[in-house]
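Q: Encoded as C-alpha cells, here's the structure I'll be asking about.
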Amino acid sequence: MQGTPQPRATAASNQPGARAKAAGEDIWKNRTDKINAELFTLTYGSLVAQLVKDYEDYAEVNTQLDKMGYNIGTRLIEDFIAKSGLTKCGSFVETADVISKIGFKMYLGITPTITNISQDQKEFSLILEDNPLAEFVELPEDAVRDGLWYSNVLCGVLRGALEMVLLQVECNFVADVLRGDEVTEIRVRLVKVLDEEVPAADE
Amino acid sequence: MPLHSLYIINKAGGLIYQKDYTDGIAKLSSNEYLVLAGTFHSIHVITSKLSPIPGSSGIEVLETDLFKMHCIQTPTGTKFLLVTDPLQANVDALMRKVYEVYADYVMKNPFYTPEMPIRAELFDLNLNKLIKQINA
C-alpha cells in the first residue's frame, strides 16, 4: 500500500514519452469509436448555452461544468484504464505525459503540449493547440467579461479521473483563445496523493 | 477448463457482483458471500504489507488442486476475482475483457451509482456472451 500510488505507463520503457505517444495513437486509431464532430460540438455547445440561460451567472456555469466533468471523469477513468492497460505512474510528470499523449488523444484526438512544469514537479500546464469543444464558438462580450470558461468540463474530467487513481488535483483554465488569449491553457496542480486505504467515496 | 465464478469487490471491500458460471458450485448465503469478499479484501491488504519490498501489490493468484483464484486490482481500487479451473489458460486476457465489459456496461451507465451492487442486464448479457466463448 505504500510506494508509488500514481498511475504509471507500461512497466519498463526506455523512452516513456515516445511509447505513450505510440500507445495513444494506436488506441485512437484502432480502439476508439468515433462520432460526428458537429454533433459532438453542437451537443456541448447547447449544453453550455442552456446552463447560461438557466443560471444567468457565468461563475455558476463554470462550477456546473466542472461538476459534470467530475462525474464524467470518475467513470471515464475505468474505460481509460481498461482500454489502455496502464498501471501506476512513476511520477506526476509521467502522469502529465500520459494525460496528454494517451488521455486527450484517446478521447479528443488531440495531444496538448505540456509546459511550465513547476520546480517541485507538482504543477504543469496543458496547452491545447486545438480544442474540438470550441470549434465554432464565439463568446458574447459579457461572457468574456464575467469569466466564462467555455470548456471548463475538461477540468472536471481531469479532476474526477485523477481522484479515482488517488491523485487529488486542482485544475482550472488560465487562458482561452475564445477570450482573446494567445493560447488555451489548463493548469493542473497536485494537491496530494490520497491514501489508498481510505475509500475516496467516503470523503 | 472452465471458468467457474466471477466476483467484483469495491474499493471498500464490499461485494458488488457475484456470479457462478458452471453447475455444481456450492451456493452460499448472500451474507457468506459478503464475508468472503470482505475477508479476501483484508487478505489482499495483509499480503501487500507482508512484502519484503515496499510497494508490492496484494495477492494475485491463489492455487489449490481443484481451482485457481485470480485477482486483479485496478488502479481505481476495484478488485476482480476469477475462479477458474487450474488449467485455464490466458486468464490475463480474459480478465482484461471482463474489465472492459465492466467499464462499458457498468461505469458508463449514467444511472449506476459507483461502489454500489451491480444490477445491470446489459452487463450480465455481455458477460455471459464472453464467458460462453470461454466455457464452450
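Here, A, B, ... name the chains of the C-alpha cells in the order displayed, residue numbers run from 1 inside each chain, and ligands are numbered from 1 in the same displayed order.
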Using only C-alpha atoms, select each residue of chain B with any atom at most 8 Å away from an atom of chain A, and give the selection as a ChimeraX atom specification.

A: /B:11-12,45,48-49,54-57,74-77,96,99-100,103-104,107-108

Q: Could you write those residues out with N, CA, C and O atoms, as a CSV table (one decimal), in the first residue's frame?

A:
```csv
chain,number,residue,atom,x,y,z
B,11,LYS,N,-13.8,-0.8,-3.7
B,11,LYS,CA,-12.5,-0.4,-3.0
B,11,LYS,C,-12.7,-0.4,-1.5
B,11,LYS,O,-11.6,-0.5,-0.8
B,12,ALA,N,-13.9,-0.5,-1.0
B,12,ALA,CA,-14.0,-0.6,0.5
B,12,ALA,C,-14.2,-2.0,1.0
B,12,ALA,O,-14.3,-2.3,2.1
B,45,VAL,N,-4.9,-6.8,1.5
B,45,VAL,CA,-4.1,-5.7,2.2
B,45,VAL,C,-2.9,-6.3,2.9
B,45,VAL,O,-1.8,-5.8,2.9
B,48,SER,N,0.0,-7.5,0.8
B,48,SER,CA,0.8,-6.4,0.3
B,48,SER,C,1.7,-5.8,1.4
B,48,SER,O,2.8,-5.4,1.1
B,49,LYS,N,1.2,-5.9,2.7
B,49,LYS,CA,2.0,-5.4,3.8
B,49,LYS,C,3.2,-6.4,4.1
B,49,LYS,O,4.2,-6.0,4.6
B,54,PRO,N,8.9,-2.8,-0.5
B,54,PRO,CA,7.7,-1.9,-0.4
B,54,PRO,C,7.1,-1.6,-1.7
B,54,PRO,O,7.8,-1.7,-2.7
B,55,GLY,N,5.8,-1.4,-1.7
B,55,GLY,CA,5.1,-1.0,-2.9
B,55,GLY,C,4.6,-2.2,-3.7
B,55,GLY,O,4.2,-2.1,-4.8
B,56,SER,N,4.6,-3.4,-3.1
B,56,SER,CA,4.1,-4.6,-3.8
B,56,SER,C,2.6,-4.5,-3.9
B,56,SER,O,1.9,-3.9,-3.1
B,57,SER,N,2.1,-5.2,-4.9
B,57,SER,CA,0.6,-5.4,-5.0
B,57,SER,C,0.2,-6.5,-3.9
B,57,SER,O,1.1,-7.1,-3.3
B,74,THR,N,-7.6,-3.0,-10.0
B,74,THR,CA,-7.4,-1.9,-10.9
B,74,THR,C,-6.8,-0.7,-10.1
B,74,THR,O,-7.0,-0.6,-8.9
B,75,PRO,N,-6.2,0.2,-10.8
B,75,PRO,CA,-5.7,1.4,-10.2
B,75,PRO,C,-6.7,2.2,-9.4
B,75,PRO,O,-6.4,3.0,-8.6
B,76,THR,N,-8.0,2.0,-9.7
B,76,THR,CA,-9.0,2.7,-9.0
B,76,THR,C,-9.5,2.0,-7.8
B,76,THR,O,-10.3,2.4,-7.0
B,77,GLY,N,-8.9,0.8,-7.5
B,77,GLY,CA,-9.2,0.1,-6.3
B,77,GLY,C,-10.2,-1.0,-6.3
B,77,GLY,O,-10.5,-1.7,-5.4
B,96,ARG,N,-8.9,-8.9,-18.6
B,96,ARG,CA,-8.9,-7.6,-19.3
B,96,ARG,C,-10.3,-7.4,-20.0
B,96,ARG,O,-10.9,-6.3,-20.0
B,99,TYR,N,-12.9,-6.7,-17.5
B,99,TYR,CA,-12.8,-5.3,-17.1
B,99,TYR,C,-13.4,-4.3,-18.1
B,99,TYR,O,-14.0,-3.3,-17.8
B,100,GLU,N,-13.1,-4.6,-19.4
B,100,GLU,CA,-13.7,-3.7,-20.4
B,100,GLU,C,-15.2,-3.8,-20.4
B,100,GLU,O,-15.9,-2.7,-20.6
B,103,ALA,N,-16.3,-1.7,-17.6
B,103,ALA,CA,-16.1,-0.2,-17.9
B,103,ALA,C,-17.2,0.2,-18.8
B,103,ALA,O,-17.8,1.3,-18.7
B,104,ASP,N,-17.6,-0.6,-19.8
B,104,ASP,CA,-18.6,-0.2,-20.7
B,104,ASP,C,-20.0,-0.2,-20.1
B,104,ASP,O,-20.7,0.8,-20.2
B,107,MET,N,-19.8,1.2,-15.6
B,107,MET,CA,-19.4,2.5,-15.3
B,107,MET,C,-20.0,3.6,-16.3
B,107,MET,O,-20.2,4.7,-15.9
B,108,LYS,N,-20.2,3.2,-17.5
B,108,LYS,CA,-20.7,4.1,-18.5
B,108,LYS,C,-22.2,4.3,-18.4
B,108,LYS,O,-22.8,5.1,-19.1
```

Q: Write out as a PyMOL selection string each polymer residue whose atoms come within 9 Å of Gly14 (chain B), counting only C-alpha atoms; drop sequence neighbours fewer than 5 positions from it.

A: chain B and resi 8-9+34-35+37-38+41+115-117

Q: Give me, please, the distance in Å between CA of Ala49 (chain A) and CA of Thr184 (chain A), quoted to one decimal.

A: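 So the two atoms, CA of Ala49 (chain A) and CA of Thr184 (chain A), lie 20.1 Å apart.
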
Q: Pick out the residues sitting within 9 Å of region 3-6 of chain B, and hand them over as number ranges by chain; count only C-alpha atoms, and ignore anything fewer than 5 positions along from it in its own chain.

A: B: 17-23, 25, 67, 80-85, 88, 131, 134-135

Q: Work out how far CA of Asn90 (chain B) is from CA of Lys68 (chain B), in Å to one decimal.

A: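 Between CA of Lys68 (chain B) and CA of Asn90 (chain B) the gap works out to 12.7 Å.
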
Q: If DSSP is run on the backbone, what residues of region 57-195 of chain A are strand (DSSP E)? A reply as an mmCIF file with C-alpha atoms, in the first residue's frame would be ideal.

A:
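Writing done, so here's selection.cif:
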```cif
data_model
loop_
_atom_site.group_PDB
_atom_site.id
_atom_site.type_symbol
_atom_site.label_atom_id
_atom_site.label_comp_id
_atom_site.auth_asym_id
_atom_site.auth_seq_id
_atom_site.Cartn_x
_atom_site.Cartn_y
_atom_site.Cartn_z
ATOM 1 C CA THR A 113 1.657 20.299 -25.065
ATOM 2 C CA ILE A 114 2.936 20.087 -21.518
ATOM 3 C CA THR A 115 4.785 23.162 -20.337
ATOM 4 C CA GLU A 123 2.201 21.581 -11.288
ATOM 5 C CA PHE A 124 2.048 21.648 -15.042
ATOM 6 C CA SER A 125 0.176 23.323 -17.866
ATOM 7 C CA LEU A 126 -1.587 21.719 -20.779
ATOM 8 C CA ILE A 127 -1.637 23.897 -23.871
ATOM 9 C CA LEU A 167 -4.295 11.855 -7.105
ATOM 10 C CA GLN A 168 -6.100 14.840 -5.725
ATOM 11 C CA VAL A 169 -5.575 17.754 -8.070
ATOM 12 C CA GLU A 170 -6.749 21.275 -8.591
ATOM 13 C CA CYS A 171 -7.394 22.020 -12.178
ATOM 14 C CA ASN A 172 -8.509 25.181 -13.930
ATOM 15 C CA PHE A 173 -8.297 27.174 -17.107
ATOM 16 C CA VAL A 174 -5.901 30.090 -17.006
ATOM 17 C CA ALA A 175 -6.233 31.172 -20.633
ATOM 18 C CA GLU A 185 -4.132 26.658 -21.198
ATOM 19 C CA ILE A 186 -5.247 24.347 -18.391
ATOM 20 C CA ARG A 187 -3.244 24.432 -15.176
ATOM 21 C CA VAL A 188 -3.094 21.240 -13.106
ATOM 22 C CA ARG A 189 -1.745 21.197 -9.561
ATOM 23 C CA LEU A 190 -1.229 18.084 -7.463
ATOM 24 C CA VAL A 191 -2.700 18.732 -4.033
ATOM 25 C CA LYS A 192 -1.821 15.400 -2.515
ATOM 26 C CA VAL A 193 -1.577 11.722 -3.142
#
```
